[in-house]
file entry-v3.tsv (TSV, C-alpha atoms)
chain	number	residue	atom	x	y	z
A	247	MET	CA	46.79	-12.09	32.13
A	248	ASP	CA	49.63	-9.56	32.03
A	249	SER	CA	49.03	-7.01	34.81
A	250	LYS	CA	49.57	-4.00	32.50
A	251	LEU	CA	47.13	-5.40	29.93
A	252	LYS	CA	44.58	-6.09	32.66
A	253	GLN	CA	44.98	-2.54	34.01
A	254	ALA	CA	44.42	-1.09	30.53
A	255	GLU	CA	41.29	-3.24	30.05
A	256	GLN	CA	39.89	-2.04	33.38
A	257	SER	CA	40.38	1.63	32.49
A	258	ASP	CA	38.72	0.97	29.13
A	259	VAL	CA	35.43	0.04	30.78
A	260	PHE	CA	34.70	3.77	31.16
A	261	ALA	CA	35.42	4.54	27.49
A	262	GLY	CA	32.44	6.18	25.77
A	263	PHE	CA	30.62	7.06	28.99
A	264	ARG	CA	30.06	10.58	30.26
A	265	THR	CA	32.93	12.23	32.10
A	266	ALA	CA	32.83	11.77	35.88
A	267	PHE	CA	31.12	14.58	37.78
A	268	LYS	CA	33.58	17.29	38.83
A	269	SER	CA	34.90	17.18	42.42
A	270	PHE	CA	32.56	14.29	43.33
A	271	ALA	CA	34.93	12.69	45.84
A	272	THR	CA	35.83	16.02	47.41
A	273	GLU	CA	32.17	16.95	47.90
A	274	ALA	CA	31.33	13.48	49.26
A	275	ILE	CA	34.03	13.89	51.88
A	276	HIS	CA	33.56	17.56	52.82
A	277	VAL	CA	30.07	18.97	52.08
A	278	GLY	CA	27.92	19.07	55.21
A	279	GLN	CA	30.83	17.85	57.33
A	280	GLU	CA	32.36	21.23	58.26
A	281	PRO	CA	34.02	21.00	61.73
A	282	GLU	CA	33.11	24.65	62.36
A	283	GLN	CA	29.44	23.70	62.87
A	284	TRP	CA	30.36	22.00	66.18
A	285	LYS	CA	31.78	23.66	69.28
A	286	SER	CA	34.15	20.70	69.55
A	287	MET	CA	35.38	21.24	65.95
A	288	ALA	CA	34.91	17.49	65.39
A	289	VAL	CA	36.19	16.41	61.96
A	290	VAL	CA	33.68	13.52	61.89
A	291	PRO	CA	30.09	14.67	62.52
A	292	PRO	CA	28.88	13.34	65.88
A	293	ILE	CA	25.80	11.16	66.29
A	294	SER	CA	23.10	13.33	67.85
A	295	LEU	CA	20.80	10.85	69.58
A	296	SER	CA	18.75	13.44	71.48
A	297	THR	CA	15.06	13.36	70.59
A	298	THR	CA	14.46	16.90	71.83
A	299	PHE	CA	16.42	20.16	72.06
A	300	LYS	CA	16.47	22.90	74.70
A	301	GLN	CA	14.99	26.22	73.59
A	302	HIS	CA	16.20	29.70	74.63
A	303	GLY	CA	12.56	30.59	75.25
A	304	PRO	CA	9.11	29.44	74.04
A	305	GLY	CA	9.45	28.99	70.26
A	306	ASN	CA	12.97	30.44	70.29
A	307	HIS	CA	15.14	27.46	69.37
A	308	ALA	CA	18.64	27.05	67.93
A	309	GLY	CA	17.47	25.34	64.72
A	310	PHE	CA	16.19	22.09	66.22
A	311	GLU	CA	13.06	21.27	68.22
A	312	TYR	CA	12.34	17.56	67.91
A	313	SER	CA	14.33	14.89	66.06
A	314	ARG	CA	11.50	13.83	63.76
A	315	SER	CA	11.35	17.41	62.46
A	316	GLY	CA	15.11	17.83	62.16
A	317	ASN	CA	18.30	16.34	63.52
A	318	PRO	CA	21.92	17.56	63.29
A	319	THR	CA	23.30	14.21	62.11
A	320	ARG	CA	20.54	13.87	59.50
A	321	ASN	CA	21.27	17.40	58.29
A	322	CYS	CA	24.89	16.46	57.58
A	323	LEU	CA	23.78	13.51	55.45
A	324	GLU	CA	21.11	15.48	53.60
A	325	LYS	CA	23.54	18.27	52.71
A	326	ALA	CA	26.11	15.78	51.42
A	327	VAL	CA	23.63	13.87	49.26
A	328	ALA	CA	22.18	17.08	47.82
A	329	ALA	CA	25.67	18.08	46.68
A	330	LEU	CA	26.31	14.67	45.10
A	331	ASP	CA	22.98	14.78	43.24
A	332	GLY	CA	23.62	18.31	42.00
A	333	ALA	CA	20.52	19.31	43.97
A	334	LYS	CA	19.49	22.18	46.24
A	335	TYR	CA	17.82	19.91	48.77
A	336	CYS	CA	17.77	16.33	50.01
A	337	LEU	CA	15.50	14.63	52.54
A	338	ALA	CA	16.33	11.35	54.29
A	339	LEU	CA	13.54	8.85	54.98
A	340	ALA	CA	13.32	5.60	56.91
A	341	SER	CA	13.50	3.37	53.79
A	342	GLY	CA	13.23	3.48	50.02
A	343	LEU	CA	9.55	2.62	50.32
A	344	ALA	CA	9.09	5.33	52.95
A	345	ALA	CA	10.45	7.72	50.32
A	346	THR	CA	7.99	6.32	47.76
A	347	VAL	CA	5.07	6.68	50.16
A	348	THR	CA	6.09	10.24	51.11
A	349	ILE	CA	6.34	11.30	47.46
A	350	THR	CA	3.01	9.68	46.59
A	351	HIS	CA	1.32	11.56	49.45
A	352	MET	CA	1.71	14.74	47.41
A	353	LEU	CA	-1.23	13.41	45.36
A	354	LYS	CA	-4.94	13.21	46.16
A	355	ALA	CA	-7.71	10.73	45.31
A	356	GLY	CA	-8.48	10.80	41.58
A	357	ASP	CA	-4.94	11.71	40.54
A	358	GLY	CA	-3.08	9.43	38.14
A	359	ILE	CA	0.36	7.82	38.28
A	360	VAL	CA	2.20	6.37	35.29
A	361	CYS	CA	4.87	3.91	36.37
A	362	MET	CA	7.58	2.11	34.42
A	363	ASP	CA	6.33	-1.43	33.79
A	364	ASP	CA	9.43	-3.15	35.19
A	365	VAL	CA	10.20	-1.84	38.69
A	366	TYR	CA	11.27	-3.02	42.12
A	367	GLY	CA	8.68	-5.46	43.45
A	368	GLY	CA	7.94	-3.31	46.50
A	369	THR	CA	7.17	-0.30	44.29
A	370	ASN	CA	4.84	-2.39	42.14
A	371	ARG	CA	3.11	-3.80	45.24
A	372	TYR	CA	2.66	-0.36	46.81
A	373	PHE	CA	1.20	1.21	43.68
A	374	GLN	CA	-1.08	-1.73	42.79
A	375	ARG	CA	-2.28	-2.82	46.21
A	376	ILE	CA	-2.13	0.31	48.38
A	377	ALA	CA	-2.08	3.48	46.26
A	378	THR	CA	-5.06	2.29	44.20
A	379	GLU	CA	-7.04	1.65	47.40
A	380	MET	CA	-6.39	5.28	48.36
A	381	GLY	CA	-8.15	6.40	45.17
A	382	LEU	CA	-5.10	6.89	42.95
A	383	GLU	CA	-5.21	5.64	39.37
A	384	VAL	CA	-2.06	3.69	38.47
A	385	SER	CA	-1.03	2.76	34.93
A	386	PHE	CA	2.11	1.01	33.73
A	387	ALA	CA	4.10	1.65	30.56
A	388	ASP	CA	7.38	0.59	29.03
A	389	CYS	CA	9.18	3.93	29.21
A	390	THR	CA	12.02	2.67	27.02
A	391	LYS	CA	9.51	3.35	24.23
A	392	PRO	CA	8.52	7.04	24.55
A	393	GLU	CA	5.48	6.55	22.31
A	394	LEU	CA	4.04	4.07	24.85
A	395	LEU	CA	4.64	6.50	27.69
A	396	LYS	CA	2.98	9.30	25.72
A	397	ALA	CA	-0.07	7.13	25.01
A	398	THR	CA	-0.45	6.36	28.74
A	399	LEU	CA	-0.46	9.99	29.90
A	400	LYS	CA	-3.94	11.25	30.79
A	401	ALA	CA	-5.57	14.49	31.87
A	402	ASN	CA	-5.36	13.37	35.52
A	403	THR	CA	-1.70	12.22	35.38
A	404	LYS	CA	0.21	13.98	38.15
A	405	LEU	CA	3.22	11.71	38.64
A	406	VAL	CA	5.46	9.68	36.32
A	407	TRP	CA	7.67	7.10	38.03
A	408	ILE	CA	10.77	5.96	36.16
A	409	GLU	CA	13.28	3.36	37.28
A	410	THR	CA	16.49	3.03	35.28
A	411	PRO	CA	18.09	0.57	34.98
A	412	THR	CA	15.02	-1.40	35.92
A	413	ASN	CA	14.81	-4.11	38.52
A	414	PRO	CA	15.33	-6.90	37.57
A	415	THR	CA	15.43	-6.88	33.74
A	416	MET	CA	17.90	-3.98	33.48
A	417	LYS	CA	15.98	-1.90	30.93
A	418	VAL	CA	17.48	1.57	30.50
A	419	VAL	CA	15.17	4.57	30.11
A	420	ASP	CA	16.23	7.77	28.33
A	421	ILE	CA	15.53	10.15	31.22
A	422	LYS	CA	15.82	13.37	29.23
A	423	ALA	CA	13.60	12.15	26.40
A	424	CYS	CA	10.90	11.01	28.84
A	425	ALA	CA	11.10	14.12	31.06
A	426	ASP	CA	10.85	16.40	28.00
A	427	LEU	CA	7.90	14.43	26.63
A	428	VAL	CA	6.04	14.45	29.95
A	429	HIS	CA	6.63	18.13	30.65
A	430	GLU	CA	5.58	19.02	27.10
A	431	HIS	CA	2.31	17.17	27.76
A	432	ASN	CA	1.86	18.98	31.09
A	433	LYS	CA	4.59	21.01	32.80
A	434	ASP	CA	3.02	20.33	36.21
A	435	ILE	CA	3.48	16.55	36.08
A	436	VAL	CA	6.20	15.51	38.51
A	437	VAL	CA	8.79	13.16	37.00
A	438	VAL	CA	10.44	10.89	39.58
A	439	VAL	CA	13.51	8.76	38.84
A	440	ASP	CA	14.42	5.90	41.14
A	441	ASN	CA	18.22	6.11	40.97
A	442	THR	CA	18.87	3.22	43.37
A	443	PHE	CA	20.76	1.00	40.91
A	444	MET	CA	23.02	3.81	39.70
A	445	SER	CA	23.90	5.86	42.77
A	446	ALA	CA	24.73	9.55	42.51
A	447	TYR	CA	28.19	8.65	41.20
A	448	PHE	CA	27.00	7.20	37.90
A	449	GLN	CA	23.81	9.17	37.15
A	450	ARG	CA	22.22	12.55	37.96
A	451	PRO	CA	18.53	12.45	36.99
A	452	LEU	CA	17.84	16.07	38.01
A	453	ALA	CA	20.37	17.31	35.45
A	454	LEU	CA	18.52	15.27	32.81
A	455	GLY	CA	15.14	16.89	33.49
A	456	ALA	CA	13.66	14.85	36.32
A	457	ASP	CA	11.88	16.73	39.14
A	458	ILE	CA	12.72	14.23	41.89
A	459	CYS	CA	15.63	11.82	42.31
A	460	MET	CA	15.02	9.12	44.91
A	461	TYR	CA	16.93	6.15	46.30
A	462	SER	CA	16.75	3.18	48.45
A	463	ALA	CA	19.98	4.27	50.16
A	464	THR	CA	20.06	0.76	51.63
A	465	LYS	CA	21.85	-0.20	48.43
A	466	TYR	CA	24.82	1.55	46.82
A	467	MET	CA	24.56	4.93	48.53
A	468	ASN	CA	25.24	3.33	51.92
A	469	GLY	CA	26.97	0.33	50.37
A	470	HIS	CA	27.56	-1.79	53.46
A	471	SER	CA	24.29	-3.75	53.88
A	472	ASP	CA	23.80	-2.40	57.39
A	473	VAL	CA	21.32	0.46	56.91
A	474	VAL	CA	17.72	0.63	55.65
A	475	MET	CA	17.06	4.15	54.35
A	476	GLY	CA	15.53	6.27	51.60
A	477	LEU	CA	16.69	9.56	50.06
A	478	VAL	CA	14.84	12.19	48.01
A	479	SER	CA	16.65	15.02	46.18
A	480	VAL	CA	15.02	18.02	44.47
A	481	ASN	CA	15.88	21.45	43.06
A	482	ARG	CA	12.40	22.98	43.11
A	483	ASP	CA	11.56	25.03	46.20
A	484	ASP	CA	7.86	24.10	46.05
A	485	LEU	CA	8.57	20.37	45.95
A	486	HIS	CA	11.04	20.66	48.80
A	487	GLU	CA	8.57	22.60	50.94
A	488	ARG	CA	5.83	20.02	50.35
A	489	LEU	CA	8.08	17.00	50.87
A	490	LYS	CA	9.69	18.50	53.96
A	491	PHE	CA	6.22	18.94	55.43
A	492	LEU	CA	5.33	15.33	54.58
A	493	GLN	CA	8.63	14.02	55.97
A	494	ASN	CA	7.68	15.50	59.33
A	495	ALA	CA	3.92	14.91	59.16
A	496	LEU	CA	4.12	11.26	58.06
A	497	GLY	CA	7.12	10.64	60.28
A	498	GLY	CA	9.02	8.13	58.17
A	499	VAL	CA	12.45	9.38	59.24
A	500	PRO	CA	15.71	7.43	59.75
A	501	SER	CA	17.56	7.19	63.05
A	502	PRO	CA	20.58	9.45	63.68
A	503	PHE	CA	22.79	6.36	63.89
A	504	ASP	CA	21.67	5.19	60.44
A	505	CYS	CA	22.30	8.70	59.10
A	506	PHE	CA	25.81	8.54	60.52
A	507	LEU	CA	26.47	5.19	58.84
A	508	CYS	CA	25.09	6.28	55.46
A	509	ASN	CA	27.04	9.54	55.66
A	510	ARG	CA	30.18	7.47	56.24
A	511	GLY	CA	29.30	5.21	53.32
A	512	LEU	CA	29.22	8.20	50.96
A	513	LYS	CA	32.90	8.86	51.61
A	514	THR	CA	33.91	5.77	49.62
A	515	LEU	CA	31.06	5.80	47.10
A	516	HIS	CA	33.27	6.83	44.17
A	517	LEU	CA	35.83	4.12	44.94
A	518	ARG	CA	33.22	1.44	45.45
A	519	MET	CA	31.25	2.20	42.29
A	520	GLU	CA	34.34	2.10	40.09
A	521	ARG	CA	35.26	-1.33	41.49
A	522	HIS	CA	31.66	-2.58	41.16
A	523	PHE	CA	31.71	-1.55	37.49
A	524	LYS	CA	35.06	-3.22	36.73
A	525	ASN	CA	34.09	-6.45	38.49
A	526	ALA	CA	30.66	-6.50	36.85
A	527	MET	CA	32.09	-5.94	33.38
A	528	ALA	CA	34.48	-8.86	33.78
A	529	THR	CA	31.65	-11.01	35.14
A	530	ALA	CA	29.25	-10.04	32.35
A	531	LYS	CA	31.83	-10.87	29.68
A	532	PHE	CA	32.50	-14.23	31.32
A	533	LEU	CA	28.81	-15.10	31.45
A	534	GLU	CA	28.10	-13.91	27.91
A	535	ALA	CA	30.81	-16.21	26.55
A	536	ASP	CA	29.60	-19.24	28.52
A	537	PRO	CA	27.47	-21.78	26.58
A	538	ARG	CA	25.48	-22.65	29.74
A	539	VAL	CA	24.06	-19.13	29.77
A	540	GLU	CA	21.16	-18.23	27.50
A	541	ARG	CA	21.43	-14.44	27.66
A	542	VAL	CA	23.17	-11.74	29.72
A	543	ILE	CA	21.59	-8.33	30.39
A	544	PHE	CA	24.19	-5.79	31.46
A	545	PRO	CA	24.01	-2.14	30.31
A	546	GLY	CA	27.80	-1.96	29.96
A	547	LEU	CA	27.82	-4.56	27.17
A	548	PRO	CA	27.28	-3.56	23.52
A	549	SER	CA	24.68	-6.35	23.35
A	550	HIS	CA	22.37	-4.40	25.69
A	551	PRO	CA	19.43	-2.85	23.75
A	552	GLN	CA	19.93	0.57	25.34
A	553	TYR	CA	23.74	0.53	25.46
A	554	GLU	CA	23.99	3.87	23.64
A	555	VAL	CA	21.46	5.52	26.00
A	556	MET	CA	23.43	4.24	28.96
A	557	LYS	CA	26.67	5.77	27.69
A	558	ARG	CA	24.95	9.05	26.86
A	559	GLN	CA	23.39	9.69	30.28
A	560	CYS	CA	25.67	7.85	32.72
A	561	THR	CA	29.30	7.98	33.83
A	562	GLY	CA	29.49	4.19	34.28
A	563	CYS	CA	27.54	1.06	35.24
A	564	PRO	CA	26.74	-0.47	38.63
A	565	GLY	CA	27.42	-4.06	39.65
A	566	MET	CA	23.98	-5.35	38.69
A	567	ILE	CA	23.75	-8.20	36.15
A	568	THR	CA	20.75	-10.23	35.14
A	569	PHE	CA	21.09	-13.42	33.13
A	570	TYR	CA	19.05	-16.38	31.95
A	571	ILE	CA	20.61	-19.75	32.67
A	572	LYS	CA	19.91	-22.48	30.13
A	573	GLY	CA	17.43	-25.09	31.26
A	574	ASN	CA	14.59	-24.65	33.74
A	575	LEU	CA	13.86	-23.83	37.38
A	576	GLU	CA	15.82	-26.91	38.47
A	577	HIS	CA	18.97	-25.56	36.80
A	578	ALA	CA	18.50	-22.09	38.25
A	579	THR	CA	18.01	-23.55	41.73
A	580	ALA	CA	21.05	-25.81	41.38
A	581	PHE	CA	23.17	-22.86	40.30
A	582	LEU	CA	22.09	-20.66	43.20
A	583	SER	CA	22.39	-23.44	45.76
A	584	SER	CA	25.92	-24.26	44.58
A	585	LEU	CA	27.32	-20.75	45.02
A	586	LYS	CA	29.95	-20.55	47.73
A	587	MET	CA	31.17	-16.95	47.91
A	588	PHE	CA	27.99	-15.31	46.58
A	589	ALA	CA	25.24	-15.29	49.20
A	590	ILE	CA	21.68	-16.13	48.14
A	591	ALA	CA	19.98	-13.04	49.51
A	592	GLU	CA	17.67	-10.19	48.61
A	593	SER	CA	18.88	-6.58	48.36
A	594	LEU	CA	21.94	-5.38	46.47
A	595	GLY	CA	24.66	-2.76	46.30
A	596	GLY	CA	26.74	-3.85	49.28
A	597	TYR	CA	30.43	-4.67	49.21
A	598	GLU	CA	29.59	-8.39	49.19
A	599	SER	CA	28.39	-10.34	46.14
A	600	LEU	CA	24.77	-11.49	46.25
A	601	ALA	CA	22.61	-13.65	43.99
A	602	GLU	CA	18.86	-14.11	43.92
A	603	HIS	CA	15.92	-15.58	42.00
A	604	PRO	CA	13.54	-12.65	41.26
A	605	ALA	CA	10.45	-14.76	40.45
A	606	ILE	CA	10.64	-16.50	43.84
A	607	MET	CA	12.27	-13.78	45.94
A	608	THR	CA	12.25	-10.01	45.23
A	609	HIS	CA	9.43	-10.00	42.66
A	610	ALA	CA	7.18	-12.74	44.04
A	611	SER	CA	4.58	-10.03	44.84
A	612	VAL	CA	4.30	-9.12	41.14
A	613	PRO	CA	1.36	-11.05	39.61
A	614	GLU	CA	2.55	-14.13	37.71
A	615	LYS	CA	1.01	-12.98	34.42
A	616	GLU	CA	2.86	-9.65	34.66
A	617	ARG	CA	6.12	-11.42	35.53
A	618	SER	CA	5.75	-13.51	32.40
A	619	VAL	CA	5.21	-10.46	30.20
A	620	LEU	CA	8.25	-8.73	31.74
A	621	GLY	CA	10.48	-11.75	31.23
A	622	ILE	CA	10.86	-12.56	34.93
A	623	SER	CA	10.98	-16.29	34.29
A	624	ASP	CA	12.10	-19.33	36.28
A	625	THR	CA	15.55	-19.17	34.66
A	626	LEU	CA	16.20	-15.49	35.39
A	627	ILE	CA	18.96	-14.86	37.95
A	628	ARG	CA	20.02	-11.48	39.35
A	629	LEU	CA	23.54	-10.82	40.56
A	630	SER	CA	24.81	-7.96	42.66
A	631	VAL	CA	28.53	-8.16	41.95
A	632	GLY	CA	30.53	-7.03	44.95
A	633	LEU	CA	34.04	-5.76	45.63
A	634	GLU	CA	35.84	-9.08	46.01
A	635	ASP	CA	38.73	-10.08	43.76
A	636	GLU	CA	37.60	-10.51	40.18
A	637	ALA	CA	39.14	-13.97	39.80
A	638	ASP	CA	37.33	-15.27	42.90
A	639	ILE	CA	33.98	-13.93	41.66
A	640	ILE	CA	34.35	-15.68	38.32
A	641	GLU	CA	35.65	-18.88	39.92
A	642	ASP	CA	32.54	-19.10	42.10
A	643	LEU	CA	30.21	-18.55	39.14
A	644	GLU	CA	32.13	-21.12	37.07
A	645	GLN	CA	31.82	-23.87	39.69
A	646	ALA	CA	28.12	-23.10	40.26
A	647	LEU	CA	27.42	-23.28	36.51
A	648	ALA	CA	29.27	-26.58	36.42
A	649	ALA	CA	27.08	-27.89	39.23
A	650	ALA	CA	23.91	-26.77	37.42
A	651	HIS	CA	25.10	-28.19	34.09
A	652	PRO	CA	27.52	-31.06	34.82
A	653	LYS	CA	28.31	-31.32	31.11
A	654	LYS	CA	28.64	-28.29	28.88
A	655	LYS	CA	26.16	-28.38	26.04
call {"tool": "encode", "arguments": {"input": "entry-v3.tsv", "output": "structure tokens"}}
result
Amino acid sequence: MDSKLKQAEQSDVFAGFRTAFKSFATEAIHVGQEPEQWKSMAVVPPISLSTTFKQHGPGNHAGFEYSRSGNPTRNCLEKAVAALDGAKYCLALASGLAATVTITHMLKAGDGIVCMDDVYGGTNRYFQRIATEMGLEVSFADCTKPELLKATLKANTKLVWIETPTNPTMKVVDIKACADLVHEHNKDIVVVVDNTFMSAYFQRPLALGADICMYSATKYMNGHSDVVMGLVSVNRDDLHERLKFLQNALGGVPSPFDCFLCNRGLKTLHLRMERHFKNAMATAKFLEADPRVERVIFPGLPSHPQYEVMKRQCTGCPGMITFYIKGNLEHATAFLSSLKMFAIAESLGGYESLAEHPAIMTHASVPEKERSVLGISDTLIRLSVGLEDEADIIEDLEQALAAAHPKKK
């Protein structure tokens, strides 16, 4: 392909989406990183490994007492993420699930949670097998249909959990429509959006009416597959006060070194997400045109059911693609086993391309009957398209499809 034509096609992938958030790259690089906060005037925030901090006198400290309660390196990360989310506050937790657990601890026995029906397997497992045993009432609804969400809300509903796009079937939820509906039903219900798949670069749930934006920062926000972490951003003072208390009281905090790494990852977030989108769009178009593929689910394609919603509330699409390969489990297994550059692995959002089988891997904990209803079948494959050269990504997929289907049908 002519290089100029290819360049034009790549820039066109953003056509129709919301305009990129103002000064995103500048804030990612500078907010919370001010050299003036250190006596050394270090341009890169140092890693503060100390677990405890000397006090001027009993109870008279310089802002830090004990690293679980607060840490200088963690503060730098939290300030940066808050800026990128358009939030007043951010709290860093030890993992995405630690963030989920911390948020859920705002509730008490007898309270109700309404959760999107298609969510990360770990979220589903926590709500169904742990939260319910603590006396919480958990219901699931397809939030892409606001009428179903409305019908699921009850007098005891205190929390609505939305994931968009969903994992792994890539459903897209209209955040504003759902947040407005929920808050009209009861203004005190807390609307949480798991923004893991999108990152702060492509979507700002708080600006769309959500009360809490959370992440598994393990994925795109860190972006290098070397940190396990969760993030929670809020604007409301009362939510921040409660969650800050729980962060300390429950103790699910990340290490200073992990905070340093994630903080560094943010500096290239805008560059990485743009490349993920361009590579994923090329990959999705390739797969959609291939006769060995039954169906491709990618929110950046006009064939996606919520394509218009995606363009309305997002500035672009991540590198996540789900597709159904023609055939059965044997074909799906042959395809995955034949990949050479893509690694068969759980997780997503790193610079490297990954592929997985949700029914066997990430969503094995979801009851089989529920998987069937959600469309998580034996032929469903999830790709996390990385930052490699586009031609090499497609070449690997082509040879793996050929191995799964020796003759095109």
call {"tool": "closest_atom_pairs", "arguments": {"input": "entry-v3.tsv", "of": "region 380-412 of chain A", "to": "region 343-366 of chain A", "cutoff": "6 Å", "atoms": "only C-alpha atoms", "output": "CSV"}}
result
residue,atom,partner,partner_atom,distance
A:Gly381,CA,A:Ala355,CA,4.4
A:Leu382,CA,A:Ala355,CA,5.2
A:Glu383,CA,A:Gly358,CA,4.5
A:Val384,CA,A:Ile359,CA,4.8
A:Ser385,CA,A:Val360,CA,4.9
A:Phe386,CA,A:Cys361,CA,4.8
A:Ala387,CA,A:Asp363,CA,5.0
A:Asp388,CA,A:Asp363,CA,5.3
A:Cys389,CA,A:Met362,CA,5.7
A:Asn402,CA,A:Gly358,CA,5.3
A:Thr403,CA,A:Gly358,CA,4.2
A:Lys404,CA,A:Gly358,CA,5.6
A:Leu405,CA,A:Ile359,CA,4.8
A:Val406,CA,A:Val360,CA,4.8
A:Trp407,CA,A:Cys361,CA,4.6
A:Ile408,CA,A:Met362,CA,5.3
A:Thr412,CA,A:Val365,CA,5.6
call {"tool": "residues_around", "arguments": {"input": "entry-v3.tsv", "residues": "region 461-463 of chain A", "least_positions_apart": "4", "cutoff": "9 Å", "atoms": "only C-alpha atoms", "output": "number ranges by chain"}}
result
A: 338, 341-343, 345, 439-443, 445, 467-469, 473-479, 508
call {"tool": "closest_atom_pairs", "arguments": {"input": "entry-v3.tsv", "of": "region 467-528 of chain A", "to": "region 290-311 of chain A", "cutoff": "10 Å", "atoms": "only C-alpha atoms", "output": "tab-separated table"}}
result
residue	atom	partner	partner_atom	distance
A:Ser501	CA	A:Leu295	CA	8.2
A:Pro502	CA	A:Leu295	CA	6.1
A:Phe503	CA	A:Ile293	CA	6.2
A:Asp504	CA	A:Ile293	CA	9.3
A:Cys505	CA	A:Ile293	CA	8.4
A:Phe506	CA	A:Ile293	CA	6.3
A:Leu507	CA	A:Ile293	CA	9.6
A:Asn509	CA	A:Pro291	CA	9.1
A:Arg510	CA	A:Val290	CA	9.0
call {"tool": "atom_distance", "arguments": {"input": "entry-v3.tsv", "atom1": "CA of Val277 (chain A)", "atom2": "CA of Tyr447 (chain A)"}}
result
15.1 Å
call {"tool": "residues_around", "arguments": {"input": "entry-v3.tsv", "residues": "region 585-595 of chain A", "least_positions_apart": "5", "cutoff": "6 Å", "atoms": "all atoms listed in the file", "output": "short mmCIF file (atom, residue, chain, number, x, y, z; two decimals) with C-alpha atoms, in the frame of the given file"}}
result
data_model
loop_
_atom_site.label_atom_id
_atom_site.label_comp_id
_atom_site.auth_asym_id
_atom_site.auth_seq_id
_atom_site.Cartn_x
_atom_site.Cartn_y
_atom_site.Cartn_z
CA LYS A 465 21.85 -0.20 48.43
CA TYR A 466 24.82 1.55 46.82
CA GLY A 469 26.97 0.33 50.37
CA LEU A 600 24.77 -11.49 46.25
CA ALA A 601 22.61 -13.65 43.99
CA GLU A 602 18.86 -14.11 43.92
CA SER A 630 24.81 -7.96 42.66
CA ALA A 646 28.12 -23.10 40.26
#
call {"tool": "atom_distance", "arguments": {"input": "entry-v3.tsv", "atom1": "CA of Glu379 (chain A)", "atom2": "CA of Pro604 (chain A)"}}
result
25.8 Å
call {"tool": "residues_around", "arguments": {"input": "entry-v3.tsv", "residues": "region 536-550 of chain A", "least_positions_apart": "2", "cutoff": "9 Å", "atoms": "only C-alpha atoms", "output": "ChimeraX atom specification"}}
result
/A:259,411,415-418,523,526-527,530-534,552-554,556-557,562-573,647-648,650-651,654-655
call {"tool": "closest_atom_pairs", "arguments": {"input": "entry-v3.tsv", "of": "region 261-324 of chain A", "to": "region 480-495 of chain A", "cutoff": "10 Å", "atoms": "all atoms listed in the file", "output": "JSON lines"}}
result
{"residue": "A:Tyr312", "atom": "CA", "partner": "A:Asn494", "partner_atom": "CA", "distance": 10.0}
{"residue": "A:Ser313", "atom": "CA", "partner": "A:Asn494", "partner_atom": "CA", "distance": 9.5}
{"residue": "A:Arg314", "atom": "CA", "partner": "A:Asn494", "partner_atom": "CA", "distance": 6.1}
{"residue": "A:Ser315", "atom": "CA", "partner": "A:Asn494", "partner_atom": "CA", "distance": 5.2}
{"residue": "A:Gly316", "atom": "CA", "partner": "A:Asn494", "partner_atom": "CA", "distance": 8.3}
call {"tool": "atom_distance", "arguments": {"input": "entry-v3.tsv", "atom1": "CA of Leu395 (chain A)", "atom2": "CA of Ala605 (chain A)"}}
result
25.5 Å
call {"tool": "closest_residue", "arguments": {"input": "entry-v3.tsv", "among": "A:Val289, A:Leu330, A:Asp258, A:Ala340", "to": "Phe270 (chain A)", "atoms": "only C-alpha atoms"}}
result
A:Leu330
call {"tool": "closest_residue", "arguments": {"input": "entry-v3.tsv", "among": "A:Glu614, A:Asp426, A:Asp457, A:Glu598", "to": "Glu634 (chain A)", "atoms": "all atoms listed in the file"}}
result
A:Glu598
call {"tool": "closest_residue", "arguments": {"input": "entry-v3.tsv", "among": "A:Thr369, A:Asn317, A:Thr514, A:Thr390", "to": "Asp420 (chain A)", "atoms": "all atoms listed in the file"}}
result
A:Thr390
call {"tool": "closest_residue", "arguments": {"input": "entry-v3.tsv", "among": "A:Val419, A:Lys396, A:Glu576, A:Pro500", "to": "Arg320 (chain A)", "atoms": "all atoms listed in the file"}}
result
A:Pro500
call {"tool": "closest_residue", "arguments": {"input": "entry-v3.tsv", "among": "A:Leu323, A:Leu339, A:Leu629, A:Ala649", "to": "Asn525 (chain A)", "atoms": "all atoms listed in the file"}}
result
A:Leu629
